[in-house]
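Shown here: entry_20.txt, compact mmCIF, C-alpha atoms.
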```txt
# COMPACT_ATOMS: atom_id res chain seq x y z
CA MET C 274 4.55 3.96 11.95
CA LEU C 275 2.63 4.28 15.16
CA SER C 276 4.61 4.18 18.39
CA ILE C 277 3.75 1.11 20.42
CA ARG C 278 6.35 1.31 23.15
CA SER C 279 3.68 1.49 25.86
CA ARG C 280 2.16 -1.77 24.63
CA LEU C 281 5.54 -3.48 24.55
CA ALA C 282 5.93 -2.62 28.22
CA LYS C 283 3.04 -5.01 28.89
CA ASN C 284 3.36 -7.61 26.12
CA GLY C 285 6.15 -9.21 24.16
CA PRO C 286 6.49 -8.33 20.46
CA HIS C 287 5.20 -11.72 19.33
CA GLU C 288 2.01 -11.24 21.36
CA ILE C 289 1.25 -7.99 19.55
CA VAL C 290 1.98 -9.64 16.21
CA HIS C 291 -0.32 -12.48 17.27
CA ASP C 292 -3.15 -9.98 17.85
CA LEU C 293 -2.45 -8.22 14.55
CA LEU C 294 -2.74 -11.57 12.77
CA ARG C 295 -6.00 -12.27 14.59
CA LEU C 296 -7.31 -8.96 13.33
CA ARG C 297 -6.25 -9.66 9.76
CA ARG C 298 -7.93 -13.07 9.82
CA TRP C 299 -11.09 -11.51 11.28
CA ALA C 300 -11.03 -8.67 8.76
CA VAL C 301 -10.81 -11.05 5.80
CA GLY C 302 -13.85 -12.87 7.17
CA ALA C 303 -15.72 -9.63 7.82
CA LEU C 304 -15.05 -8.28 4.33
CA SER C 305 -16.14 -11.57 2.82
CA ALA C 306 -19.25 -11.67 5.01
CA GLN C 307 -20.76 -8.96 2.81
CA HIS C 308 -21.57 -11.90 0.54
CA ASN C 309 -21.18 -14.73 3.00
CA PRO C 310 -23.55 -15.24 5.98
CA GLU C 311 -20.92 -16.79 8.28
CA THR C 312 -20.34 -14.74 11.41
CA ALA C 313 -16.96 -13.11 12.00
CA GLU C 314 -16.25 -12.01 15.58
CA ILE C 315 -13.28 -10.41 17.33
CA GLU C 316 -12.78 -9.21 20.89
CA GLY C 317 -10.11 -8.66 23.51
CA ILE C 318 -7.78 -6.58 21.32
CA SER C 319 -6.39 -3.35 22.77
CA PHE C 320 -7.24 0.01 21.22
CA GLU C 321 -3.55 0.63 20.42
CA THR C 322 -3.29 -2.64 18.50
CA TRP C 323 -6.52 -1.88 16.64
CA ARG C 324 -5.14 1.51 15.62
CA LEU C 325 -1.87 -0.03 14.49
CA PHE C 326 -3.66 -2.68 12.44
CA LEU C 327 -5.94 -0.15 10.77
CA SER C 328 -3.00 2.11 9.93
CA LEU C 329 -1.32 -0.82 8.16
CA GLU C 330 -4.31 -2.37 6.40
CA ARG C 331 -6.15 0.91 5.63
CA CYS C 332 -9.75 -0.27 5.39
CA ALA C 333 -11.43 1.02 8.57
CA ALA C 334 -14.38 2.65 6.81
CA VAL C 335 -15.25 -0.52 4.93
CA LEU C 336 -14.89 -2.64 8.08
CA LEU C 337 -17.05 -0.20 10.01
CA ASP C 338 -19.77 -0.69 7.42
CA CYS C 339 -19.39 -4.44 7.79
CA VAL C 340 -20.18 -4.30 11.51
CA THR C 341 -22.83 -1.56 11.59
CA ARG C 342 -25.05 -2.12 8.55
CA ASP C 343 -28.46 -3.75 8.94
CA GLY C 344 -28.17 -7.51 9.25
CA ALA C 345 -24.41 -7.40 9.78
CA THR C 346 -22.96 -10.74 10.85
CA SER C 347 -19.52 -9.37 11.76
CA ARG C 348 -19.06 -8.43 15.41
CA VAL C 349 -16.53 -6.40 17.41
CA ASP C 350 -16.39 -5.33 21.02
CA ALA C 351 -16.69 -1.70 22.17
CA THR C 352 -12.94 -1.12 21.93
CA GLY C 353 -12.81 -2.30 18.34
CA LEU C 354 -15.88 -0.29 17.37
CA ASP C 355 -14.36 2.86 18.88
CA ALA C 356 -11.14 2.37 16.93
CA LEU C 357 -13.02 1.69 13.70
CA ARG C 358 -15.09 4.85 14.05
CA LYS C 359 -12.14 7.11 14.77
CA VAL C 360 -9.90 5.79 12.01
CA ALA C 361 -12.77 5.62 9.50
CA ALA C 362 -13.44 9.32 10.02
CA THR C 363 -9.86 10.14 9.08
CA GLU C 364 -10.01 7.85 6.05
CA MET C 365 -13.16 9.51 4.78
CA GLN C 366 -11.57 12.95 5.16
CA SER C 367 -8.69 11.90 2.91
CA SER C 368 -11.13 10.53 0.36
CA MET C 369 -13.06 13.80 0.30
CA ARG C 370 -9.83 15.76 -0.10
CA ALA C 371 -8.97 13.60 -3.10
CA ARG C 372 -12.34 14.43 -4.64
CA VAL C 373 -11.76 18.16 -4.22
CA ASP C 374 -8.23 18.00 -5.65
CA GLY C 375 -9.46 15.77 -8.46
CA ARG C 376 -12.13 18.24 -9.52
CA GLU C 377 -9.52 20.97 -9.76
CA MET C 378 -7.22 18.72 -11.78
CA ALA C 379 -10.11 18.04 -14.15
CA VAL C 380 -10.38 21.78 -14.83
CA ILE C 381 -6.63 21.90 -15.48
CA ALA C 382 -6.74 18.84 -17.75
CA GLU C 383 -9.38 20.48 -19.92
CA ARG C 384 -6.80 23.07 -20.99
CA LEU C 385 -4.07 20.57 -21.83
CA SER C 386 -3.28 18.95 -25.15
CA PHE C 387 -2.29 15.60 -23.63
CA PRO C 388 -4.22 13.03 -21.54
CA VAL C 389 -4.11 13.08 -17.73
CA ILE C 390 -4.81 9.57 -16.44
CA VAL C 391 -5.75 8.92 -12.80
CA LEU C 392 -4.27 5.73 -11.38
CA LYS C 393 -5.12 3.25 -8.64
CA GLY C 394 -7.20 4.32 -5.63
CA GLY C 395 -7.53 7.88 -6.88
CA VAL C 396 -10.10 6.73 -9.43
CA GLY C 397 -12.68 5.68 -6.86
CA ALA C 398 -11.91 8.56 -4.52
CA ILE C 399 -12.26 11.25 -7.18
CA THR C 400 -15.41 9.79 -8.69
CA GLY C 401 -16.98 8.70 -5.40
CA THR C 402 -17.47 5.15 -6.68
CA GLY C 403 -16.58 1.88 -5.04
CA PRO C 404 -15.74 1.38 -1.35
CA THR C 405 -14.59 4.33 0.76
CA LEU C 406 -10.85 3.83 1.12
CA PRO C 407 -8.15 6.22 2.35
CA VAL C 408 -6.04 8.13 -0.15
CA GLY C 409 -2.50 9.14 0.78
CA ASP C 410 -1.69 10.66 -2.60
CA ILE C 411 -3.06 11.00 -6.11
CA ASP C 412 -1.14 9.21 -8.84
CA ILE C 413 -1.54 10.47 -12.38
CA LEU C 414 -0.02 9.24 -15.62
CA VAL C 415 0.92 11.44 -18.56
CA PRO C 416 2.96 10.77 -21.71
CA PRO C 417 6.68 10.83 -20.85
CA GLU C 418 7.37 13.90 -22.96
CA HIS C 419 4.81 15.92 -20.96
CA VAL C 420 5.90 15.08 -17.41
CA ALA C 421 7.81 18.34 -16.95
CA ASP C 422 4.85 20.29 -18.36
CA MET C 423 2.45 18.61 -15.94
CA VAL C 424 4.70 19.22 -12.94
CA GLN C 425 4.98 22.89 -13.87
CA VAL C 426 1.22 23.27 -14.31
CA LEU C 427 0.49 21.66 -10.94
CA THR C 428 3.15 23.76 -9.24
CA SER C 429 1.69 26.95 -10.70
CA ALA C 430 -1.79 25.86 -9.57
CA GLY C 431 -0.58 25.62 -5.96
CA PHE C 432 -0.56 21.84 -5.51
CA GLY C 433 2.98 21.83 -4.13
CA GLU C 434 6.64 22.02 -4.99
CA PRO C 435 8.60 19.54 -7.14
CA THR C 436 10.89 17.01 -5.49
CA LEU C 437 13.54 14.72 -6.94
CA ASP C 438 12.27 12.36 -9.63
CA LEU C 439 12.44 8.58 -9.25
CA ASP C 440 12.56 5.89 -11.92
CA HIS C 441 8.84 5.99 -12.61
CA HIS C 442 7.42 9.27 -11.31
CA HIS C 443 8.08 12.84 -10.28
CA ALA C 444 6.37 13.82 -7.02
CA LEU C 445 5.27 17.14 -5.60
CA ALA C 446 5.71 17.88 -1.92
CA PRO C 447 2.13 18.89 -1.09
CA ALA C 448 1.06 22.38 -0.17
CA ASP C 449 -1.07 22.83 2.94
CA GLU C 450 -4.47 21.16 2.69
CA ARG C 451 -3.41 19.33 -0.47
CA LEU C 452 -2.69 15.69 -1.15
CA ARG C 453 0.68 14.66 -2.52
CA ILE C 454 0.63 14.34 -6.33
CA GLU C 455 2.84 11.88 -8.18
CA VAL C 456 3.22 12.43 -11.92
CA HIS C 457 4.03 9.08 -13.56
CA TRP C 458 5.40 8.40 -17.01
CA THR C 459 4.94 4.67 -16.47
CA SER C 460 3.16 2.45 -13.97
CA HIS C 461 6.17 0.11 -13.80
CA ASP C 462 8.26 0.76 -10.70
CA ASP C 463 11.54 0.07 -12.48
CA GLY C 464 10.85 2.81 -15.01
CA SER C 465 10.31 0.52 -18.00
CA PRO C 466 7.91 2.08 -20.53
CA LEU C 467 4.30 1.08 -20.89
CA ASP C 468 3.28 -1.07 -23.81
CA ALA C 469 2.03 1.21 -26.58
CA ALA C 470 -1.36 -0.56 -26.54
CA VAL C 471 -2.01 0.67 -23.00
CA TRP C 472 -2.30 4.24 -24.25
CA THR C 473 -4.90 3.17 -26.83
CA ARG C 474 -7.15 1.65 -24.16
CA ILE C 475 -7.49 4.69 -21.88
CA ARG C 476 -11.01 6.01 -21.37
CA ASP C 477 -12.88 8.86 -19.76
CA LEU C 478 -13.00 8.99 -15.99
CA GLU C 479 -16.61 8.72 -14.97
CA SER C 480 -18.19 12.08 -14.05
CA THR C 481 -14.86 13.93 -14.12
CA THR C 482 -13.91 14.25 -17.76
CA PRO C 483 -11.55 15.27 -19.23
CA LEU C 484 -9.52 13.22 -16.74
CA LYS C 485 -8.89 9.70 -17.97
CA GLN C 486 -8.43 6.24 -16.51
CA LEU C 487 -6.70 3.09 -17.70
CA GLY C 488 -8.60 0.34 -19.44
CA GLU C 489 -10.01 -2.25 -17.03
CA ARG C 490 -7.37 -4.86 -17.82
CA ASP C 491 -4.50 -2.37 -17.50
CA ASN C 492 -5.91 -0.92 -14.29
CA LEU C 493 -6.10 -4.37 -12.74
CA VAL C 494 -2.54 -5.25 -13.73
CA SER C 495 -1.28 -1.92 -12.40
CA LEU C 496 -2.95 -2.44 -9.03
CA VAL C 497 -1.53 -5.93 -8.58
CA GLU C 498 1.98 -4.96 -9.66
CA HIS C 499 1.90 -1.97 -7.32
CA ALA C 500 0.91 -4.09 -4.33
CA ILE C 501 3.52 -6.80 -4.95
CA ASP C 502 6.43 -5.01 -6.60
CA THR C 503 6.33 -1.38 -5.47
CA HIS C 504 5.52 -2.38 -1.88
CA ARG C 505 7.61 -5.53 -1.88
CA GLU C 506 8.58 -4.96 1.76
CA ARG C 507 5.09 -5.43 3.16
CA SER C 508 2.11 -7.72 2.94
CA PRO C 509 -0.45 -6.61 0.35
CA SER C 510 -2.79 -4.44 2.39
CA LEU C 511 -6.47 -5.25 2.64
CA ARG C 512 -7.11 -1.85 1.07
CA ASP C 513 -5.21 -2.96 -2.02
CA THR C 514 -6.96 -6.33 -1.94
CA LEU C 515 -10.35 -4.57 -2.04
CA LEU C 516 -9.26 -2.32 -4.90
CA ILE C 517 -8.03 -5.32 -6.87
CA GLY C 518 -11.18 -7.35 -6.25
CA ASN C 519 -13.39 -4.49 -7.40
CA ALA C 520 -11.23 -3.96 -10.49
CA ALA C 521 -11.31 -7.65 -11.36
CA VAL C 522 -15.09 -7.99 -11.31
CA ARG C 523 -15.41 -4.97 -13.61
CA CYS C 524 -13.33 -6.76 -16.25
CA THR C 525 -14.94 -8.76 -19.01
CA ASP C 526 -13.98 -12.43 -19.20
CA SER C 527 -11.52 -11.69 -21.98
CA GLU C 528 -9.99 -8.74 -20.09
CA LEU C 529 -9.55 -10.89 -16.98
CA THR C 530 -7.93 -13.63 -19.06
CA GLU C 531 -5.48 -11.16 -20.55
CA ALA C 532 -4.71 -9.67 -17.13
CA ARG C 533 -3.92 -13.12 -15.78
CA LYS C 534 -1.51 -13.62 -18.68
CA ASP C 535 0.14 -10.27 -17.94
CA LEU C 536 0.69 -11.29 -14.31
CA ALA C 537 1.73 -14.89 -14.95
CA TYR C 538 5.42 -14.09 -14.52
CA ASN C 539 5.11 -13.75 -10.72
CA ASP C 540 3.46 -16.31 -8.43
CA SER C 541 2.63 -13.76 -5.74
CA MET C 542 0.85 -11.54 -8.27
CA LYS C 543 -1.23 -14.49 -9.44
CA ALA C 544 -2.04 -15.41 -5.84
CA LEU C 545 -3.06 -11.85 -4.93
CA LEU C 546 -5.40 -11.54 -7.90
CA GLU C 547 -7.19 -14.79 -7.09
CA PHE C 548 -7.36 -13.99 -3.36
CA ALA C 549 -8.81 -10.53 -4.08
CA ILE C 550 -11.50 -12.05 -6.29
CA GLN C 551 -12.33 -14.62 -3.61
CA VAL C 552 -12.68 -11.95 -0.92
CA HIS C 553 -14.91 -9.86 -3.19
CA LEU C 554 -17.14 -12.85 -3.94
CA GLY C 555 -17.20 -14.00 -0.32
CA THR C 556 -15.37 -17.26 -0.94
CA PRO C 557 -11.88 -16.76 0.48
CA LYS C 558 -9.69 -19.77 1.02
CA ALA C 559 -6.56 -19.72 3.13
CA ASP C 560 -4.91 -16.28 3.21
CA PRO C 561 -1.82 -16.71 0.98
CA PHE C 562 -0.18 -13.69 2.59
CA LEU C 563 -0.54 -14.62 6.25
CA ILE C 564 3.13 -15.51 6.69
CA GLY C 565 4.18 -12.38 4.82
CA SER C 566 1.87 -10.36 7.05
CA ALA C 567 3.49 -11.91 10.10
CA ALA C 568 6.93 -10.85 8.85
CA PHE C 569 5.78 -7.31 8.06
CA TYR C 570 3.93 -6.92 11.36
CA SER C 571 6.99 -8.22 13.21
CA ALA C 572 9.21 -5.59 11.58
CA VAL C 573 6.74 -2.84 12.52
CA VAL C 574 6.45 -4.00 16.12
CA LEU C 575 10.20 -4.50 16.55
CA ALA C 576 11.04 -1.07 15.13
CA ASP C 577 10.52 0.64 18.49
CA GLU C 578 12.58 -1.97 20.32
CA LEU C 579 15.66 -2.00 18.12
CA PRO C 580 18.60 0.39 18.61
CA ARG C 581 18.34 3.42 16.32
CA PRO C 582 21.13 2.29 13.94
CA LEU C 583 19.18 -0.92 13.29
CA SER C 584 15.72 0.55 12.89
CA SER C 585 15.77 2.97 9.97
CA GLN C 586 12.67 2.61 7.82
CA GLY C 587 14.74 1.87 4.74
CA ALA C 588 16.72 -0.89 6.44
CA LEU C 589 13.61 -2.58 7.82
CA ALA C 590 11.94 -2.37 4.42
CA PHE C 591 14.99 -4.05 2.89
CA ILE C 592 14.85 -6.80 5.52
CA THR C 593 11.19 -7.62 5.04
CA ALA C 594 11.54 -7.53 1.25
CA LEU C 595 14.27 -10.15 1.50
CA ASP C 596 12.40 -12.23 4.06
CA VAL C 597 9.07 -12.23 2.25
CA ALA C 598 10.83 -12.80 -1.11
CA ARG C 599 7.87 -12.12 -3.39
CA VAL C 600 10.22 -10.69 -6.02
CA PRO C 601 13.70 -11.94 -7.03
CA ARG C 602 16.44 -11.10 -4.55
CA LYS C 603 18.58 -9.48 -7.26
CA ASN C 604 15.76 -7.03 -7.99
CA THR C 605 15.57 -6.03 -4.35
CA LEU C 606 19.33 -5.51 -4.19
CA LYS C 607 19.24 -3.39 -7.33
CA ARG C 608 16.32 -1.35 -6.00
CA THR C 609 18.09 -0.83 -2.68
CA ALA C 610 20.98 0.90 -4.38
CA LYS C 611 18.53 3.55 -5.58
CA TRP C 612 16.49 4.01 -2.38
CA ARG C 613 16.99 7.33 -0.62
CA GLY C 614 17.43 7.49 3.12
CA THR C 615 19.39 5.20 5.39
CA GLY C 616 18.93 7.05 8.65
CA MET C 617 22.50 8.32 8.14
CA GLN C 618 22.09 12.08 7.73
CA GLY C 619 25.70 12.73 6.80
CA VAL C 620 25.51 10.26 3.93
CA GLY C 621 22.32 11.88 2.66
CA GLY C 622 23.94 15.31 2.75
CA VAL C 623 26.95 14.13 0.73
CA THR C 624 24.64 12.64 -1.88
CA ARG C 625 22.75 15.89 -2.35
CA ARG C 626 25.85 18.09 -2.47
CA PHE C 627 28.03 15.84 -4.61
CA PRO C 628 25.87 13.61 -6.85
CA GLN C 629 28.84 11.90 -8.53
CA ILE C 630 30.32 10.91 -5.18
CA GLY C 631 26.94 9.61 -4.17
CA LYS C 632 26.70 7.55 -7.35
CA LEU C 633 30.13 6.01 -6.83
CA PHE C 634 30.16 5.46 -3.07
CA VAL C 635 26.82 5.96 -1.36
CA ALA C 636 24.90 3.21 -3.15
CA PRO C 637 27.33 0.43 -2.13
CA LEU C 638 27.61 1.97 1.35
CA ARG C 639 23.83 1.90 1.73
CA LEU C 640 23.67 -1.70 0.56
CA THR C 641 26.43 -2.68 2.99
CA TYR C 642 24.63 -0.91 5.84
CA TYR C 643 21.32 -2.61 5.05
CA SER C 644 23.02 -6.00 4.75
CA LEU C 645 24.68 -5.65 8.15
CA VAL C 646 21.35 -4.68 9.72
CA ALA C 647 19.72 -7.67 8.00
CA ALA C 648 22.28 -10.07 9.47
CA VAL C 649 21.39 -8.87 12.97
CA VAL C 650 17.66 -8.29 12.67
CA ILE C 651 16.38 -11.09 10.42
CA PRO C 652 16.90 -13.80 13.09
CA VAL C 653 14.97 -11.66 15.61
CA LEU C 654 12.21 -10.98 13.09
CA ARG C 655 11.86 -14.66 12.20
CA ARG C 656 11.76 -15.68 15.83
CA THR C 657 9.02 -13.14 16.53
CA ARG C 658 7.07 -14.24 13.47
CA ARG C 659 7.40 -17.92 14.35
CA LYS C 660 6.12 -17.40 17.90
CA ALA C 661 3.16 -15.32 16.69
CA LEU C 662 2.15 -17.86 14.07
CA SER C 663 2.57 -20.84 16.39
CA SER C 664 0.22 -19.29 18.94
CA LEU C 665 -2.36 -18.10 16.40
CA GLU C 666 -4.53 -21.17 16.73
CA THR C 667 -4.18 -21.36 20.51
CA PRO C 668 -7.22 -19.89 22.30
CA ARG C 669 -6.37 -17.18 24.82
CA SER C 670 -8.37 -15.30 27.36
CA PRO C 671 -9.44 -11.78 26.29
CA ARG C 672 -7.22 -9.04 27.70
```
Could you spell out this file's structure in C-alpha cells?
Amino acid sequence: MLSIRSRLAKNGPHEIVHDLLRLRRWAVGALSAQHNPETAEIEGISFETWRLFLSLERCAAVLLDCVTRDGATSRVDATGLDALRKVAATEMQSSMRARVDGREMAVIAERLSFPVIVLKGGVGAITGTGPTLPVGDIDILVPPEHVADMVQVLTSAGFGEPTLDLDHHHALAPADERLRIEVHWTSHDDGSPLDAAVWTRIRDLESTTPLKQLGERDNLVSLVEHAIDTHRERSPSLRDTLLIGNAAVRCTDSELTEARKDLAYNDSMKALLEFAIQVHLGTPKADPFLIGSAAFYSAVVLADELPRPLSSQGALAFITALDVARVPRKNTLKRTAKWRGTGMQGVGGVTRRFPQIGKLFVAPLRLTYYSLVAAVVIPVLRRTRRKALSSLETPRSPR
C-alpha cells in the first residue's frame, strides 16, 4: 500500500476516503461514458490521492483513454491527468511483460503432453486483446497430477523459484524481470476440484497456441468468484469489473444464463456480474459496492495511522472481510486459520521450523490476534467510513 502519512498531516482519514469515493464514482461514469454521452468530470483531488486510488482500482490506462480520445466527454484537471499518465505507463509495462512471458510459456507448452490454460487477466495481456490492464502475475491452470511437472519446467526455464503451495495453487517467486507465475490445479480458492465438464470446454488461446483458455462461461464464473471470494477483504476493483464485463459480452445467451446459475449461490457475485455488464454497456445504476469500497478505502487510509501491532496487512484484510461480509463469516474464519503472516515474525519462524507446532498452535493464535485487532479497529473503520459516506453528496471547494 502507498504511504499517505504526508496527506494525513493535512486531512483527516475520512476526508481522504471521501476523495477516493469521489474518484470511484467519477471513474464508473467515465468508463461508462465510452457508450454513454453524459459528461463525467472530476477536479480538486491531490496527486497523492489519485495515485492511491489508481493503485487500488488498477485501471489508469483505460481511464486515460477515456479522457484523451477524440470526442471524450470525461474530464479531469491537470493533476489528475498527470497521475493517469504516470500510472498508465507502469500498467502498460506490466502488460507488455506478460506478453513476453506468455510467448515463452507458449513455446514450453508445445513440448508438454498436458494442457496449459491461462486464467483471468493474463488472457488479454498475453494476446493483446481487450482493454490494457495491469498484470501483477500470470495464473495458469494445469491438471492436478501435472502441477509438480509444470513447476519444475518453469523453474528450469528461469521463471523463478518455487514457494509454499496453497489450497489452490503453487506459486513461483519471480526471477528478475519476470512476472510471478501461479500454477493452479483449480480456480476455486478453497481448493475444491473443478467440475469435469470445465476441462472439456477449454479452447485455444487466440494467437498463442498451444496455450489454452477456459470456455467463455467458465472464464466469466472464474473472474467473478476471484473478485468476490479470493479478494473478500476488498471492494471488487474496477479492473476486475472491466474484465468481467468484457467476458460477459463475449458469452452467448445460453452461456450467460448458465454462468448466472453457477453464481446464484452468492448475492454479491450476482450483483458484480450485473454491475459489470451495466458498466460495459454504459448503463450503470447505483454502484452496489460503494459501501464496501468505503470500508476498504478506510482500512487502507487508516493503516498508516494505527500502531504497528494493529496494522498488519493480514489483520486489516481479516477486518474488512468481516465488515464487508460478502461471504459467510465462518468461511472467513476458516480461511484466516490458513493465511500466512500476522506481522509477528517469531510466530512465522516457529511455523516454518516446526510445522506440527504451527498446525496445533499458530492457527488459533493467529485467529485470536486478528480478532483482538478487529475489536479495536472495526469501530474506528466504521466511523471513518460513515463520515466519508455522509459527506459524499456535500459539495466542497476544490483543494
Give one line per residue of segment 284-350 of chain C that approaches segment 382-405 of chain C to at most 12 Å, naming the two atoms of the closest pair and their distance in Å to one decimal, counting only C-alpha atoms; sort by chain then ascending residue number and deliver it as a Markdown table.
```
| residue | atom | partner | partner_atom | distance |
| --- | --- | --- | --- | --- |
| C:Leu304 | CA | C:Pro404 | CA | 11.2 |
| C:Arg331 | CA | C:Thr405 | CA | 10.3 |
| C:Cys332 | CA | C:Thr405 | CA | 8.1 |
| C:Ala333 | CA | C:Thr405 | CA | 9.1 |
| C:Ala334 | CA | C:Thr405 | CA | 6.3 |
| C:Val335 | CA | C:Thr405 | CA | 6.4 |
| C:Leu336 | CA | C:Thr405 | CA | 10.1 |
| C:Leu337 | CA | C:Thr405 | CA | 10.6 |
| C:Asp338 | CA | C:Thr405 | CA | 9.8 |
| C:Cys339 | CA | C:Pro404 | CA | 11.4 |
```
request  = List the neighbours of Ala379 of chain C out to 7 Å using all atoms listed in the file; skip same-chain residues closer than 5 positions along the sequence, and give me the result as JSON, numbers by chain.
outcome  = {"C": [481, 482, 483, 484]}
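Using all atoms listed in the file, the smallest distance between any of C:Arg453, C:His504, C:His287, C:His499 and Val573 of chain C comes from C:His287.
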inquiry  = Here is a test: counting only C-alpha atoms, which residue of C:Ile315, C:Leu511, C:Leu662, C:Val340 is nearest to Ala567 of chain C?
reply    = C:Leu662
For Phe320 of chain C, please output as an mmCIF file with C-alpha atoms, keeping the file's coordinate frame all residues within 12 Å (counting all atoms listed in the file; exclusion window: fewer than 3 positions along the same chain).
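Result went into out.cif, see below:
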```cif
data_model
loop_
_atom_site.group_PDB
_atom_site.id
_atom_site.type_symbol
_atom_site.label_atom_id
_atom_site.label_comp_id
_atom_site.auth_asym_id
_atom_site.auth_seq_id
_atom_site.Cartn_x
_atom_site.Cartn_y
_atom_site.Cartn_z
ATOM 1 C CA ILE C 277 3.750 1.110 20.420
ATOM 2 C CA SER C 279 3.680 1.490 25.860
ATOM 3 C CA ARG C 280 2.160 -1.770 24.630
ATOM 4 C CA ILE C 289 1.250 -7.990 19.550
ATOM 5 C CA ASP C 292 -3.150 -9.980 17.850
ATOM 6 C CA LEU C 293 -2.450 -8.220 14.550
ATOM 7 C CA LEU C 296 -7.310 -8.960 13.330
ATOM 8 C CA GLU C 316 -12.780 -9.210 20.890
ATOM 9 C CA GLY C 317 -10.110 -8.660 23.510
ATOM 10 C CA TRP C 323 -6.520 -1.880 16.640
ATOM 11 C CA ARG C 324 -5.140 1.510 15.620
ATOM 12 C CA LEU C 325 -1.870 -0.030 14.490
ATOM 13 C CA PHE C 326 -3.660 -2.680 12.440
ATOM 14 C CA LEU C 327 -5.940 -0.150 10.770
ATOM 15 C CA VAL C 349 -16.530 -6.400 17.410
ATOM 16 C CA ASP C 350 -16.390 -5.330 21.020
ATOM 17 C CA ALA C 351 -16.690 -1.700 22.170
ATOM 18 C CA THR C 352 -12.940 -1.120 21.930
ATOM 19 C CA GLY C 353 -12.810 -2.300 18.340
ATOM 20 C CA LEU C 354 -15.880 -0.290 17.370
ATOM 21 C CA ASP C 355 -14.360 2.860 18.880
ATOM 22 C CA ALA C 356 -11.140 2.370 16.930
ATOM 23 C CA LEU C 357 -13.020 1.690 13.700
ATOM 24 C CA ARG C 358 -15.090 4.850 14.050
ATOM 25 C CA LYS C 359 -12.140 7.110 14.770
ATOM 26 C CA VAL C 360 -9.900 5.790 12.010
ATOM 27 C CA ARG C 672 -7.220 -9.040 27.700
#
```
